[in-house]
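Enquirer: For reference, the file entry_3.csv (CSV, C-alpha atoms) is included below:
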```
chain,number,residue,atom,x,y,z
S,1,MET,CA,0.0,0.0,0.0
S,2,ALA,CA,1.4,3.4,-1.0
S,3,ARG,CA,2.0,6.0,1.7
S,4,SER,CA,-0.3,9.0,1.6
S,5,PRO,CA,1.7,12.1,1.0
S,6,THR,CA,2.4,14.1,4.1
S,7,THR,CA,0.9,17.1,2.5
S,8,SER,CA,-2.6,15.7,2.2
S,9,ASP,CA,-2.9,13.6,5.3
S,10,VAL,CA,-3.5,14.9,8.8
S,11,PHE,CA,-2.2,11.8,10.4
S,12,ASN,CA,1.1,11.8,8.6
S,13,ALA,CA,1.4,15.6,9.1
S,14,ILE,CA,1.3,15.1,12.8
S,15,ALA,CA,3.4,12.0,12.9
S,16,GLU,CA,6.5,14.2,13.0
S,17,VAL,CA,7.4,15.2,16.6
S,18,HIS,CA,8.5,18.7,15.7
S,19,ARG,CA,5.3,19.4,13.9
S,20,ARG,CA,3.4,18.3,17.0
S,21,GLU,CA,5.5,20.6,19.1
S,22,ILE,CA,4.6,23.5,16.8
S,23,LEU,CA,0.9,22.7,17.2
S,24,ASP,CA,1.4,22.6,21.0
S,25,ALA,CA,3.1,26.0,20.8
S,26,LEU,CA,0.2,27.4,18.9
S,27,MET,CA,-2.4,26.2,21.4
S,28,ALA,CA,-1.6,29.3,23.4
S,29,GLY,CA,-2.7,31.5,20.5
S,30,GLU,CA,-1.4,33.2,17.4
S,31,LYS,CA,2.3,33.3,17.0
S,32,ALA,CA,4.9,34.8,14.7
S,33,VAL,CA,7.4,32.4,13.1
S,34,GLY,CA,10.2,34.0,15.1
S,35,THR,CA,8.4,33.3,18.3
S,36,ILE,CA,7.9,29.6,17.4
S,37,VAL,CA,11.6,29.4,16.5
S,38,ALA,CA,12.5,30.8,19.9
S,39,ASP,CA,10.0,28.6,21.8
S,40,LEU,CA,11.2,25.3,20.2
S,41,SER,CA,14.9,25.9,19.7
S,42,LEU,CA,14.6,24.8,16.1
S,43,SER,CA,16.2,26.6,13.2
S,44,GLN,CA,14.1,29.1,11.2
S,45,PRO,CA,14.3,27.0,8.0
S,46,GLN,CA,13.1,23.9,9.9
S,47,VAL,CA,10.2,25.7,11.4
S,48,SER,CA,9.2,27.2,8.1
S,49,LYS,CA,9.3,23.8,6.4
S,50,HIS,CA,7.1,22.2,9.1
S,51,LEU,CA,4.7,25.2,9.0
S,52,ARG,CA,4.4,24.7,5.3
S,53,VAL,CA,3.4,21.1,5.7
S,54,LEU,CA,0.9,22.0,8.5
S,55,SER,CA,-0.7,24.7,6.4
S,56,GLU,CA,-1.0,22.5,3.4
S,57,VAL,CA,-3.1,20.0,5.4
S,58,GLY,CA,-5.0,22.9,6.9
S,59,LEU,CA,-3.9,22.5,10.5
S,60,VAL,CA,-2.6,26.0,10.7
S,61,LYS,CA,-3.6,29.3,9.1
S,62,CYS,CA,-1.3,32.1,8.2
S,63,ARG,CA,-1.8,35.9,7.9
S,64,ALA,CA,0.7,38.7,7.2
S,65,GLN,CA,1.0,41.6,9.6
S,66,GLY,CA,3.6,44.0,8.4
S,67,ARG,CA,6.6,42.0,7.6
S,68,HIS,CA,5.6,39.3,10.1
S,69,ARG,CA,3.8,36.1,9.3
S,70,LEU,CA,1.5,35.1,12.1
S,71,TYR,CA,0.2,31.5,12.4
S,72,THR,CA,-2.9,30.2,14.2
S,73,LEU,CA,-4.1,26.7,14.9
S,74,GLU,CA,-7.1,25.4,13.0
S,75,PRO,CA,-8.4,22.9,15.5
S,76,ALA,CA,-11.4,21.8,13.4
S,77,ARG,CA,-9.0,20.0,11.1
S,78,LEU,CA,-8.0,17.8,14.0
S,79,ARG,CA,-11.5,16.5,14.2
S,80,PRO,CA,-11.0,13.4,11.9
S,81,LEU,CA,-8.1,12.4,14.1
S,82,HIS,CA,-10.1,12.9,17.2
S,83,GLU,CA,-12.9,10.8,15.9
S,84,TRP,CA,-10.6,8.1,14.7
S,85,LEU,CA,-8.9,8.0,18.1
S,86,SER,CA,-12.1,7.9,20.0
S,87,ARG,CA,-13.4,4.9,18.0
S,88,TYR,CA,-10.0,3.2,18.3
S,89,GLU,CA,-10.0,3.7,22.0
S,90,GLN,CA,-13.5,2.4,22.3
S,91,THR,CA,-12.6,-0.8,20.4
S,92,TRP,CA,-9.6,-1.3,22.6
S,93,ASN,CA,-11.5,-0.7,25.8
S,94,GLU,CA,-14.1,-3.3,24.7
S,95,ARG,CA,-11.3,-5.9,24.2
S,96,LEU,CA,-9.7,-5.2,27.5
S,97,ASP,CA,-13.0,-5.2,29.3
S,98,ARG,CA,-13.6,-8.7,28.0
S,99,ILE,CA,-10.4,-9.8,29.5
S,100,ASP,CA,-11.3,-8.0,32.7
S,101,ASP,CA,-14.7,-9.7,32.9
S,102,TYR,CA,-13.1,-13.0,32.3
S,103,LEU,CA,-10.5,-12.5,35.0
S,104,ASN,CA,-13.2,-11.5,37.5
S,105,GLU,CA,-15.2,-14.6,36.6
S,106,LEU,CA,-12.2,-16.9,37.1
S,107,GLN,CA,-11.4,-15.3,40.4
S,108,LYS,CA,-15.0,-15.6,41.6
S,109,ARG,CA,-15.1,-19.2,40.6
S,110,GLY,CA,-11.8,-19.8,42.5
S,111,GLU,CA,-13.2,-18.2,45.7
S,112,GLN,CA,-16.2,-20.5,45.5
S,113,GLN,CA,-14.1,-23.7,45.3
B,114,MET,CA,-14.6,-1.9,47.1
B,115,THR,CA,-13.0,-2.9,43.8
B,116,PRO,CA,-12.6,0.0,41.4
B,117,ASP,CA,-14.3,-0.4,38.1
B,118,ARG,CA,-11.6,-0.4,35.4
B,119,HIS,CA,-13.9,-0.6,32.5
B,120,ARG,CA,-13.0,1.7,29.6
B,121,SER,CA,-9.8,2.7,31.4
B,122,ALA,CA,-7.1,1.8,28.8
B,123,ARG,CA,-4.5,4.5,28.0
B,124,ILE,CA,-3.4,4.6,24.4
B,125,GLU,CA,-0.3,6.5,23.4
B,126,PHE,CA,1.7,7.0,20.2
B,127,PRO,CA,5.2,7.6,21.7
B,128,ASN,CA,6.9,7.8,18.3
B,129,GLU,CA,6.3,7.1,14.6
B,130,LEU,CA,6.7,3.4,14.9
B,131,GLU,CA,5.1,2.5,18.1
B,132,ILE,CA,1.8,2.2,19.8
B,133,LEU,CA,1.6,1.8,23.6
B,134,ILE,CA,-1.5,0.5,25.4
B,135,THR,CA,-1.8,0.4,29.2
B,136,ARG,CA,-4.5,-1.1,31.3
B,137,GLU,CA,-4.9,-2.3,35.0
B,138,PHE,CA,-6.6,-5.4,36.1
B,139,ASP,CA,-7.7,-6.4,39.6
B,140,ALA,CA,-6.1,-9.8,39.5
B,141,PRO,CA,-2.7,-11.3,40.4
B,142,ILE,CA,0.0,-11.2,37.8
B,143,ALA,CA,0.2,-15.0,37.5
B,144,LEU,CA,-3.5,-15.3,36.6
B,145,VAL,CA,-3.3,-12.4,34.1
B,146,PHE,CA,-0.3,-14.0,32.4
B,147,GLU,CA,-2.2,-17.3,32.1
B,148,VAL,CA,-5.3,-15.7,30.7
B,149,LEU,CA,-3.2,-13.8,28.1
B,150,THR,CA,-1.1,-16.7,27.0
B,151,LYS,CA,-3.0,-20.0,27.4
B,152,PRO,CA,-5.2,-21.1,24.5
B,153,GLU,CA,-7.9,-22.5,26.7
B,154,HIS,CA,-8.3,-19.0,28.2
B,155,VAL,CA,-7.7,-16.9,25.1
B,156,SER,CA,-10.4,-18.8,23.2
B,157,LYS,CA,-12.8,-17.7,25.9
B,158,TRP,CA,-12.3,-14.0,25.5
B,159,GLY,CA,-10.6,-13.8,22.2
B,160,ALA,CA,-13.5,-13.2,19.8
B,161,THR,CA,-16.2,-10.6,20.2
B,162,PRO,CA,-19.6,-12.1,19.4
B,163,PRO,CA,-20.9,-12.7,16.8
B,164,ASP,CA,-17.4,-13.4,15.6
B,165,ARG,CA,-16.0,-16.8,16.5
B,166,MET,CA,-12.5,-18.0,17.2
B,167,THR,CA,-12.0,-21.2,15.2
B,168,LYS,CA,-8.4,-21.8,15.9
B,169,CYS,CA,-6.1,-20.9,18.8
B,170,THR,CA,-2.7,-22.4,19.1
B,171,ILE,CA,0.1,-21.1,21.2
B,172,ASP,CA,3.4,-22.7,21.6
B,173,LEU,CA,4.7,-20.6,24.5
B,174,ARG,CA,8.5,-20.8,24.2
B,175,ALA,CA,11.1,-18.8,22.4
B,176,GLY,CA,10.9,-19.8,18.8
B,177,GLY,CA,7.4,-21.3,19.3
B,178,ALA,CA,4.6,-20.3,16.9
B,179,TYR,CA,1.1,-19.1,17.5
B,180,HIS,CA,-1.8,-19.0,15.1
B,181,HIS,CA,-5.3,-17.6,15.6
B,182,VAL,CA,-8.1,-17.9,13.2
B,183,PHE,CA,-11.4,-16.0,13.4
B,184,VAL,CA,-14.6,-16.2,11.4
B,185,THR,CA,-16.8,-13.1,11.2
B,186,GLU,CA,-20.6,-13.2,11.1
B,187,ASP,CA,-20.6,-13.1,7.3
B,188,GLY,CA,-18.2,-16.1,7.1
B,189,THR,CA,-15.1,-14.1,6.4
B,190,GLU,CA,-12.0,-15.8,7.8
B,191,CYS,CA,-8.9,-14.0,9.0
B,192,SER,CA,-5.8,-15.2,10.5
B,193,PHE,CA,-2.9,-13.9,12.6
B,194,ARG,CA,0.3,-15.6,13.3
B,195,GLY,CA,3.8,-15.1,14.5
B,196,THR,CA,6.7,-16.4,16.6
B,197,TYR,CA,7.5,-15.9,20.2
B,198,LEU,CA,10.9,-14.3,20.6
B,199,GLU,CA,11.2,-14.1,24.4
B,200,ILE,CA,9.2,-15.6,27.2
B,201,GLU,CA,9.7,-14.6,30.8
B,202,PRO,CA,6.6,-15.8,32.9
B,203,PRO,CA,4.8,-14.1,34.4
B,204,ILE,CA,6.3,-10.8,33.4
B,205,ARG,CA,7.0,-10.5,29.7
B,206,THR,CA,6.5,-12.0,26.3
B,207,MET,CA,7.8,-10.7,23.0
B,208,LYS,CA,6.5,-12.0,19.7
B,209,THR,CA,6.3,-11.2,16.0
B,210,TRP,CA,2.9,-10.3,14.6
B,211,ARG,CA,1.6,-10.8,11.1
B,212,PHE,CA,-1.8,-10.4,9.7
B,213,ASP,CA,-2.6,-12.4,6.6
B,214,GLY,CA,-4.2,-9.4,4.9
B,215,TRP,CA,-1.2,-7.2,5.4
B,216,PRO,CA,1.9,-9.2,4.3
B,217,ASP,CA,4.2,-6.2,4.3
B,218,ALA,CA,3.4,-5.1,7.8
B,219,GLU,CA,5.3,-7.0,10.4
B,220,ALA,CA,5.3,-5.8,14.0
B,221,VAL,CA,6.9,-6.9,17.2
B,222,GLU,CA,4.6,-6.9,20.2
B,223,THR,CA,6.0,-6.7,23.7
B,224,MET,CA,3.6,-7.5,26.5
B,225,HIS,CA,4.8,-6.5,30.0
B,226,LEU,CA,3.0,-7.2,33.3
B,227,HIS,CA,3.6,-5.6,36.7
B,228,GLU,CA,1.8,-6.2,39.9
B,229,THR,CA,1.4,-3.8,42.8
B,230,ASP,CA,-1.0,-4.5,45.7
B,231,GLY,CA,-3.0,-7.1,43.8
B,232,VAL,CA,-3.4,-4.8,40.8
B,233,THR,CA,-1.7,-6.0,37.6
B,234,THR,CA,-0.8,-3.4,35.0
B,235,LEU,CA,-0.6,-4.6,31.4
B,236,THR,CA,1.5,-2.7,29.0
B,237,MET,CA,1.5,-3.6,25.3
B,238,ARG,CA,4.0,-2.1,23.0
B,239,LEU,CA,3.5,-2.7,19.3
B,240,ALA,CA,6.5,-1.7,17.3
B,241,PHE,CA,6.4,-1.8,13.5
B,242,ARG,CA,9.6,-2.8,11.7
B,243,ASP,CA,9.3,0.2,9.4
B,244,LYS,CA,7.2,3.2,8.8
B,245,ALA,CA,5.3,1.5,5.9
B,246,GLY,CA,3.8,-0.9,8.5
B,247,ARG,CA,2.8,1.8,10.9
B,248,ASP,CA,1.4,3.9,8.0
B,249,HIS,CA,-1.2,1.2,7.6
B,250,MET,CA,-2.5,2.5,10.8
B,251,THR,CA,-2.3,6.2,10.3
B,252,ARG,CA,-3.3,6.5,6.7
B,253,PHE,CA,-6.3,8.7,6.4
B,254,ASP,CA,-7.6,10.1,3.2
B,255,GLY,CA,-11.0,11.3,4.3
B,256,GLN,CA,-12.8,8.5,2.5
B,257,GLN,CA,-15.2,6.7,4.8
B,258,ASP,CA,-14.7,3.3,3.2
B,259,SER,CA,-11.0,3.2,3.6
B,260,PHE,CA,-11.4,4.8,7.0
B,261,ASP,CA,-13.6,1.9,8.2
B,262,ALA,CA,-11.4,-0.7,6.6
B,263,MET,CA,-8.4,0.8,8.3
B,264,GLU,CA,-10.1,0.8,11.6
B,265,ASP,CA,-11.2,-2.9,11.2
B,266,ILE,CA,-7.6,-3.9,10.4
B,267,LEU,CA,-6.3,-1.8,13.1
B,268,THR,CA,-8.5,-3.5,15.6
B,269,SER,CA,-7.2,-6.8,14.5
B,270,LEU,CA,-3.6,-5.7,14.4
B,271,LEU,CA,-3.5,-4.3,17.9
B,272,ASP,CA,-5.0,-7.2,19.8
B,273,PRO,CA,-2.6,-9.2,21.9
B,274,THR,CA,-3.9,-12.5,20.4
B,275,GLY,CA,-5.0,-11.2,17.0
B,276,MET,CA,-8.6,-10.1,16.8
B,277,PRO,CA,-10.8,-10.4,13.7
B,278,PRO,CA,-12.2,-7.3,12.0
B,279,THR,CA,-15.5,-6.4,13.6
```
Here is the file; what I need is its structure written in the form of structure tokens.
Expert:
Amino acid sequence: MARSPTTSDVFNAIAEVHRREILDALMAGEKAVGTIVADLSLSQPQVSKHLRVLSEVGLVKCRAQGRHRLYTLEPARLRPLHEWLSRYEQTWNERLDRIDDYLNELQKRGEQQ
Amino acid sequence: MTPDRHRSARIEFPNELEILITREFDAPIALVFEVLTKPEHVSKWGATPPDRMTKCTIDLRAGGAYHHVFVTEDGTECSFRGTYLEIEPPIRTMKTWRFDGWPDAEAVETMHLHETDGVTTLTMRLAFRDKAGRDHMTRFDGQQDSFDAMEDILTSLLDPTGMPPT
């Protein structure tokens, strides 16, 4: 199966640890590129590259103010990820609950003997 | 009063190749280990009805093989297999994992148990050999069909004994 390009896939876009850190940094609100660079101790070209990927999948929005470029988070784009994780978590919880119930049953049976 | 641990699994993605799942059970470590590694137990909790587990073999020793076969309600069969790499009862097992439908995605699953005051914590770490394997799980192109298919396979992939798609 071919990999989805990073630029069209929210999952792959956030698979990179520095891009997740950039999203975290933007949780506090709109920030200029320079501020993100200072926050994360990454180089300016690195941050710009990651911001480009994040804006191509729509996770961040950019606006110009004077000579600064300001970035904000677009949390709505994280929704598919959130929904996927919720369903995934639900499935896992059901599996583990089955083990839990079975363990309880075994222990009850053991106490009765 | 025993705390209700239902729906209490923690799921983390510590890096691009790994998935980490943690859950506590109110049972001693030896029993949890048995329930997770003996076919007579696994066959009891392994399949979620209406799915059925039709085969469950576990040769619990380093180099030993396991094979689990499930049949879904519509008769679709799926199969999971692999080899145990390390066994350290009742603390740890490490095994390879392969799903018949995904021949290119091999993972190594490490199961770790730890008991404190009668509560056993299960940690499962699923590590893909390469990013292509992990990408099976993170691929998302916005299409509902592939989204659902991915989720089904994911469900199967992450189960300690190999679950069928539901």
Enquirer: Identify the residues around (4.1, 19.2, 14.1) within a radius of 7 Å, measuring from all atoms listed in the file in the coordinates stated by the file, and give them as a PyMOL selection string.
Expert: chain S and resi 13-14+16-23+50
Enquirer: Given the selection you just returned, output its residues as a file containing C-alpha atoms, formatted as a PDB file, in the coordinates of the input.
Expert:
```pdb
ATOM      1  CA  ALA S  13       1.400  15.600   9.100  1.00  0.00           C
ATOM      2  CA  ILE S  14       1.300  15.100  12.800  1.00  0.00           C
ATOM      3  CA  GLU S  16       6.500  14.200  13.000  1.00  0.00           C
ATOM      4  CA  VAL S  17       7.400  15.200  16.600  1.00  0.00           C
ATOM      5  CA  HIS S  18       8.500  18.700  15.700  1.00  0.00           C
ATOM      6  CA  ARG S  19       5.300  19.400  13.900  1.00  0.00           C
ATOM      7  CA  ARG S  20       3.400  18.300  17.000  1.00  0.00           C
ATOM      8  CA  GLU S  21       5.500  20.600  19.100  1.00  0.00           C
ATOM      9  CA  ILE S  22       4.600  23.500  16.800  1.00  0.00           C
ATOM     10  CA  LEU S  23       0.900  22.700  17.200  1.00  0.00           C
ATOM     11  CA  HIS S  50       7.100  22.200   9.100  1.00  0.00           C
TER      12      HIS S  50
END
```
Enquirer: Have a look at atom CA of His68 of chain S and atom CA of Ala32 of chain S and let me know their distance in Å, one decimal.
Expert: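 For atom CA of His68 of chain S relative to atom CA of Ala32 of chain S, the distance reads 6.5 Å.
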Enquirer: Counting all atoms listed in the file, what is within 12 Å of Thr35 of chain S, bar same-chain residues fewer than 4 positions away, as a PDB file with C-alpha atoms, in the coordinates of the input?
Expert:
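Heads up, here's the output in around08.pdb:
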```pdb
ATOM      1  CA  ILE S  22       4.600  23.500  16.800  1.00  0.00           C
ATOM      2  CA  ALA S  25       3.100  26.000  20.800  1.00  0.00           C
ATOM      3  CA  LEU S  26       0.200  27.400  18.900  1.00  0.00           C
ATOM      4  CA  ALA S  28      -1.600  29.300  23.400  1.00  0.00           C
ATOM      5  CA  GLY S  29      -2.700  31.500  20.500  1.00  0.00           C
ATOM      6  CA  GLU S  30      -1.400  33.200  17.400  1.00  0.00           C
ATOM      7  CA  LYS S  31       2.300  33.300  17.000  1.00  0.00           C
ATOM      8  CA  ASP S  39      10.000  28.600  21.800  1.00  0.00           C
ATOM      9  CA  LEU S  40      11.200  25.300  20.200  1.00  0.00           C
ATOM     10  CA  SER S  41      14.900  25.900  19.700  1.00  0.00           C
ATOM     11  CA  LEU S  42      14.600  24.800  16.100  1.00  0.00           C
ATOM     12  CA  SER S  43      16.200  26.600  13.200  1.00  0.00           C
ATOM     13  CA  GLN S  44      14.100  29.100  11.200  1.00  0.00           C
ATOM     14  CA  VAL S  47      10.200  25.700  11.400  1.00  0.00           C
ATOM     15  CA  SER S  48       9.200  27.200   8.100  1.00  0.00           C
ATOM     16  CA  HIS S  68       5.600  39.300  10.100  1.00  0.00           C
ATOM     17  CA  ARG S  69       3.800  36.100   9.300  1.00  0.00           C
ATOM     18  CA  LEU S  70       1.500  35.100  12.100  1.00  0.00           C
ATOM     19  CA  TYR S  71       0.200  31.500  12.400  1.00  0.00           C
TER      20      TYR S  71
END
```
Enquirer: Which value, in Å to one decimal, gives the distance between atom CA of Leu96 of chain S and atom CA of Ile200 of chain B?
Expert: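 The value is 21.6 Å.
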Enquirer: Rank S:Arg67, S:Lys49, S:Lys108, S:Arg95 by their smallest atom-to-atom distance to chain B, using only C-alpha atoms, and report the top residue only.
Expert: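 So, comparing all the options, the nearest one is S:Arg95.
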Enquirer: Using all atoms listed in the file, pick whichever of B:Met224, B:Ala122, B:Val155, B:Ala160 has the shortest atom-to-atom distance to Trp92 of chain S.
Expert: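 The answer is B:Ala122, which sits nearest to Trp92 of chain S.
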Enquirer: When you count only C-alpha atoms, which of these residues is closest to Asp101 of chain S: B:Phe138, B:Asp230, B:Glu219, B:Glu190?
Expert: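 Among the listed residues, the smallest separation from Asp101 of chain S belongs to B:Phe138.
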Enquirer: Distance cut-off 8 Å, centre (-7.4, -11.2, 26.8) in file coordinates, counting only C-alpha atoms: which residues qualify? Return them as a CSV table (one decimal) with C-alpha atoms, keeping the file's coordinate frame.
Expert:
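The resulting out.csv:
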```
chain,number,residue,atom,x,y,z
S,95,ARG,CA,-11.3,-5.9,24.2
S,96,LEU,CA,-9.7,-5.2,27.5
S,98,ARG,CA,-13.6,-8.7,28.0
S,99,ILE,CA,-10.4,-9.8,29.5
S,100,ASP,CA,-11.3,-8.0,32.7
B,148,VAL,CA,-5.3,-15.7,30.7
B,149,LEU,CA,-3.2,-13.8,28.1
B,154,HIS,CA,-8.3,-19.0,28.2
B,155,VAL,CA,-7.7,-16.9,25.1
B,158,TRP,CA,-12.3,-14.0,25.5
B,159,GLY,CA,-10.6,-13.8,22.2
B,273,PRO,CA,-2.6,-9.2,21.9
B,274,THR,CA,-3.9,-12.5,20.4
```
Enquirer: Just how far from atom CA of Asp97 of chain S is atom CA of Glu222 of chain B, in Å to one decimal?
Expert: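 Between these atoms lies a distance of 19.9 Å.
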Enquirer: Near Ala220 of chain B, counting all atoms listed in the file, which residues have an atom at most 6 Å away, once you skip same-chain residues fewer than 5 positions from it, shown as a PyMOL selection string?
Expert: chain B and resi 209-210+240-242
Enquirer: Restricting it to C-alpha atoms, dump the selection as a PDB file, in the coordinates of the input.
Expert:
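Output file selection-v8.pdb follows:
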```pdb
ATOM      1  CA  THR B 209       6.300 -11.200  16.000  1.00  0.00           C
ATOM      2  CA  TRP B 210       2.900 -10.300  14.600  1.00  0.00           C
ATOM      3  CA  ALA B 240       6.500  -1.700  17.300  1.00  0.00           C
ATOM      4  CA  PHE B 241       6.400  -1.800  13.500  1.00  0.00           C
ATOM      5  CA  ARG B 242       9.600  -2.800  11.700  1.00  0.00           C
TER       6      ARG B 242
END
```
Enquirer: Taking 2 positions as the minimum chain separation for residues in the same chain, which residues sit within 6 Å of segment 201-204 of chain B when counting only C-alpha atoms? Answer as a PyMOL selection string.
Expert: chain B and resi 143+146+225-226
Enquirer: Need to verify the contact set: Met207 of chain B, 6 Å, all atoms listed in the file, exclusion of same-chain residues closer than 5 positions in sequence. Can you return it as an mmCIF file with C-alpha atoms, in the frame of the given file?
Expert:
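Saved to around-v2.cif:
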```cif
data_model
loop_
_atom_site.group_PDB
_atom_site.id
_atom_site.type_symbol
_atom_site.label_atom_id
_atom_site.label_comp_id
_atom_site.auth_asym_id
_atom_site.auth_seq_id
_atom_site.Cartn_x
_atom_site.Cartn_y
_atom_site.Cartn_z
ATOM 1 C CA TYR B 197 7.500 -15.900 20.200
ATOM 2 C CA LEU B 198 10.900 -14.300 20.600
ATOM 3 C CA GLU B 199 11.200 -14.100 24.400
ATOM 4 C CA GLU B 222 4.600 -6.900 20.200
ATOM 5 C CA THR B 223 6.000 -6.700 23.700
#
```
Enquirer: For Ala76 of chain S, work out the shell of residues within 12 Å, counting only C-alpha atoms and skipping chain neighbours fewer than 5 positions away, then give it as number ranges by chain.
Expert: S: 10, 57-61, 81-83
Enquirer: Missing atoms in segment 194-207 of chain B should be modelled up to N, CA and C atoms and reported as a PDB file, in the coordinates of the input.
Expert:
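Contents of the output file rebuild_11.pdb:
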```
ATOM      1  N   ARG B 194      -0.682 -14.655  12.830  1.00  0.00           N
ATOM      2  CA  ARG B 194       0.300 -15.600  13.300  1.00  0.00           C
ATOM      3  C   ARG B 194       1.638 -14.932  13.580  1.00  0.00           C
ATOM      4  N   GLY B 195       2.508 -15.663  14.221  1.00  0.00           N
ATOM      5  CA  GLY B 195       3.800 -15.100  14.500  1.00  0.00           C
ATOM      6  C   GLY B 195       4.624 -16.077  15.351  1.00  0.00           C
ATOM      7  N   THR B 196       5.762 -15.605  15.811  1.00  0.00           N
ATOM      8  CA  THR B 196       6.700 -16.400  16.600  1.00  0.00           C
ATOM      9  C   THR B 196       7.047 -15.735  17.872  1.00  0.00           C
ATOM     10  N   TYR B 197       7.072 -16.492  18.936  1.00  0.00           N
ATOM     11  CA  TYR B 197       7.500 -15.900  20.200  1.00  0.00           C
ATOM     12  C   TYR B 197       9.040 -15.734  20.177  1.00  0.00           C
ATOM     13  N   LEU B 198       9.467 -14.563  20.576  1.00  0.00           N
ATOM     14  CA  LEU B 198      10.900 -14.300  20.600  1.00  0.00           C
ATOM     15  C   LEU B 198      11.485 -14.437  21.979  1.00  0.00           C
ATOM     16  N   GLU B 199      10.707 -13.993  22.969  1.00  0.00           N
ATOM     17  CA  GLU B 199      11.200 -14.100  24.400  1.00  0.00           C
ATOM     18  C   GLU B 199       9.988 -14.413  25.258  1.00  0.00           C
ATOM     19  N   ILE B 200      10.203 -15.264  26.240  1.00  0.00           N
ATOM     20  CA  ILE B 200       9.200 -15.600  27.200  1.00  0.00           C
ATOM     21  C   ILE B 200       9.781 -15.472  28.606  1.00  0.00           C
ATOM     22  N   GLU B 201       9.155 -14.689  29.459  1.00  0.00           N
ATOM     23  CA  GLU B 201       9.700 -14.600  30.800  1.00  0.00           C
ATOM     24  C   GLU B 201       8.436 -14.562  31.765  1.00  0.00           C
ATOM     25  N   PRO B 202       7.854 -15.746  32.053  1.00  0.00           N
ATOM     26  CA  PRO B 202       6.600 -15.800  32.900  1.00  0.00           C
ATOM     27  C   PRO B 202       6.915 -15.291  34.282  1.00  0.00           C
ATOM     28  N   PRO B 203       6.030 -14.578  34.926  1.00  0.00           N
ATOM     29  CA  PRO B 203       4.800 -14.100  34.400  1.00  0.00           C
ATOM     30  C   PRO B 203       4.874 -12.590  34.011  1.00  0.00           C
ATOM     31  N   ILE B 204       6.072 -12.185  33.567  1.00  0.00           N
ATOM     32  CA  ILE B 204       6.300 -10.800  33.400  1.00  0.00           C
ATOM     33  C   ILE B 204       6.253 -10.267  31.960  1.00  0.00           C
ATOM     34  N   ARG B 205       6.783 -11.078  31.059  1.00  0.00           N
ATOM     35  CA  ARG B 205       7.000 -10.500  29.700  1.00  0.00           C
ATOM     36  C   ARG B 205       6.902 -11.552  28.638  1.00  0.00           C
ATOM     37  N   THR B 206       6.334 -11.172  27.512  1.00  0.00           N
ATOM     38  CA  THR B 206       6.500 -12.000  26.300  1.00  0.00           C
ATOM     39  C   THR B 206       6.764 -10.993  25.157  1.00  0.00           C
ATOM     40  N   MET B 207       7.483 -11.498  24.165  1.00  0.00           N
ATOM     41  CA  MET B 207       7.800 -10.700  23.000  1.00  0.00           C
ATOM     42  C   MET B 207       7.573 -11.581  21.802  1.00  0.00           C
TER      43      MET B 207
END
```
